[in-house]
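Data block below; observations after.
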Amino acid sequence: MKIDLTKIPPGGKKINFSLEPGWWKPDFDEERIVGLDSPLSAWLEICPTGEKIVVDGFLSARLLLRCDRCLETYTKDITTDFRVYLSMLPFKGEAEVELLENDLNLDFIDDNFLDSDQIIKEQLILNLPMKTLCSDDCKGLCTICGCNFNIARCSCQSGYETPLYKQLETSKK
């Protein structure tokens with residue numbers, strides 16, 4: 001949804017909305033999120049503050065994720081509050097600039113429109129764990145035949161019956 005920022009009143013504007021499961025289209029090279037399992041609900045409060053625009057928001061969704069170990073799909077609930085700062089002034093980058101803490105949350109927009117889909121997708125990705133696992137004790141896949149160790153044992157050579165992540169943990173010791 002595109003929001004015209006020039007039509008936001010000085011006191012701000014709050015927008016409530018819901019996104020259907022078919023809304024998710026991976027465009028961030030994000031393969032861990034397969035889609036939405038149910039409608040996503042969200043609200044955005046957009047407040048102009050001088051040269052910046054502050055976007056406070058909330059989202060709640062049940063995601064379909066792909067496990068990093070066994071590649072099976074599972075669901076995970078995500079609920080988060082967030083704040084994003086936007087600048088409508090063009091970015092005049094220099095070769096080297098020291099960023100202040102407030103600069104880390106600042107995004108630049110080229111026109112007068114806020115793409116709420118982009119913000120929601122970013123927040124979903126930012127709230128995922130570094131490694132998405134269907135369970136803490138997921139056993140992963142056989143490196144030879146691809147057997148899912150959570151479901152069965154494979155008939156490969158005995159040295160390969162141990163999941164890859166366990167082999168790596170053992171070799172580090």
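Simple scheme: letters A, B, ... for chains in structure tokens order, numbers from 1 for residues in each chain, numbers from 1 for ligands in the order shown.
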inquiry  = Show me, as a PyMOL selection string, the residues that have an atom within 7 Å of range 42-49 of chain A when counting only C-alpha atoms, minus same-chain residues fewer than 6 positions from it.
reply    = chain A and resi 10-18+55-60
message = If we count only C-alpha atoms and set the cut-off at 12 Å, which residues sit around Lys131 in chain A, ignoring sequence neighbours fewer than 3 positions away in its own chain? Please answer as a list in words.
response = Glu31, Arg32, Ile33, Leu65, Arg66, Cys67, Asp68, Arg69, Cys70, Leu71, Ile125, Asn127, Leu128, Cys134, Ser135, Asp136 and Cys138 of chain A
Output C-alpha atoms for every residue in the selection just made, as a CSV table (one decimal), in the first residue's frame.
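Dumped everything to out_3.csv:
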chain,number,residue,atom,x,y,z
A,31,GLU,CA,14.1,-18.0,1.4
A,32,ARG,CA,13.3,-18.7,5.0
A,33,ILE,CA,9.8,-17.1,4.8
A,65,LEU,CA,9.0,-20.7,7.6
A,66,ARG,CA,11.5,-23.2,6.2
A,67,CYS,CA,13.7,-24.9,8.7
A,68,ASP,CA,17.5,-24.3,8.1
A,69,ARG,CA,18.4,-27.9,9.1
A,70,CYS,CA,15.7,-30.2,7.6
A,71,LEU,CA,14.1,-27.8,5.1
A,125,ILE,CA,12.7,-10.3,8.3
A,127,ASN,CA,12.3,-10.3,13.7
A,128,LEU,CA,13.3,-13.7,12.5
A,134,CYS,CA,11.4,-26.2,13.3
A,135,SER,CA,12.5,-27.3,16.8
A,136,ASP,CA,15.5,-26.9,19.0
A,138,CYS,CA,15.8,-30.8,14.8
ask   = What lies within 6 Å of Leu36 in chain A using only C-alpha atoms, ignoring chain neighbours under 2 positions off, as a list in words?
value =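 Near Leu36 in chain A, the qualifying residues are Pro21, Ser38, Leu63 and Leu64 of chain A.
CA of Ile3 in chain A sits 14.7 Å away from CA of Ser87 in chain A.
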task = Pick out the residues sitting within 6 Å of range 113-115 of chain A, and hand them over as a ChimeraX atom specification; count only C-alpha atoms, and ignore anything fewer than 5 positions along from it in its own chain.
result = /A:1-5
ask   = Suppose you want the space between CA of Phe82 in chain A and CA of Lys121 in chain A; what is it in Å?
value =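 Result for CA of Phe82 in chain A versus CA of Lys121 in chain A: 12.3 Å, one decimal.
For the pair CA of Cys145 in chain A and CA of Lys76 in chain A, the separation is 28.3 Å.
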Shortest interatomic distance to Ser41 in chain A - which of A:Ser116, A:Thr132, A:Thr79, A:Gln123, counting only C-alpha atoms = A:Thr79
task = Please provide as a PyMOL selection string all residues within 7 Å of range 22-26 of chain A, with the sequence filter that same-chain residues fewer than 3 positions apart are discarded (counting only C-alpha atoms).
result = chain A and resi 19+29-30+35-36
With N, CA and C atoms kept, could you save the residues just selected as a PDB file, in the first residue's frame?
ATOM      1  N   LEU A  19      -3.412  -7.913   5.951  1.00  0.00           N
ATOM      2  CA  LEU A  19      -2.880  -8.422   4.686  1.00  0.00           C
ATOM      3  C   LEU A  19      -3.169  -9.919   4.603  1.00  0.00           C
ATOM      4  N   ASP A  29      15.318 -11.768  -1.500  1.00  0.00           N
ATOM      5  CA  ASP A  29      16.162 -12.957  -1.512  1.00  0.00           C
ATOM      6  C   ASP A  29      16.071 -13.663  -0.164  1.00  0.00           C
ATOM      7  N   GLU A  30      14.903 -13.605   0.439  1.00  0.00           N
ATOM      8  CA  GLU A  30      14.648 -14.214   1.741  1.00  0.00           C
ATOM      9  C   GLU A  30      13.928 -15.533   1.513  1.00  0.00           C
ATOM     10  N   GLY A  35       5.728 -17.958   3.396  1.00  0.00           N
ATOM     11  CA  GLY A  35       4.524 -17.156   3.224  1.00  0.00           C
ATOM     12  C   GLY A  35       3.855 -16.883   4.558  1.00  0.00           C
ATOM     13  N   LEU A  36       2.607 -16.446   4.485  1.00  0.00           N
ATOM     14  CA  LEU A  36       1.800 -16.215   5.681  1.00  0.00           C
ATOM     15  C   LEU A  36       0.850 -17.392   5.854  1.00  0.00           C
TER      16      LEU A  36
END
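Checking A:Asp137, A:Asp117, A:Tyr85, A:Glu72 one by one against Glu51 in chain A, counting only C-alpha atoms, you find the shortest gap at A:Tyr85.
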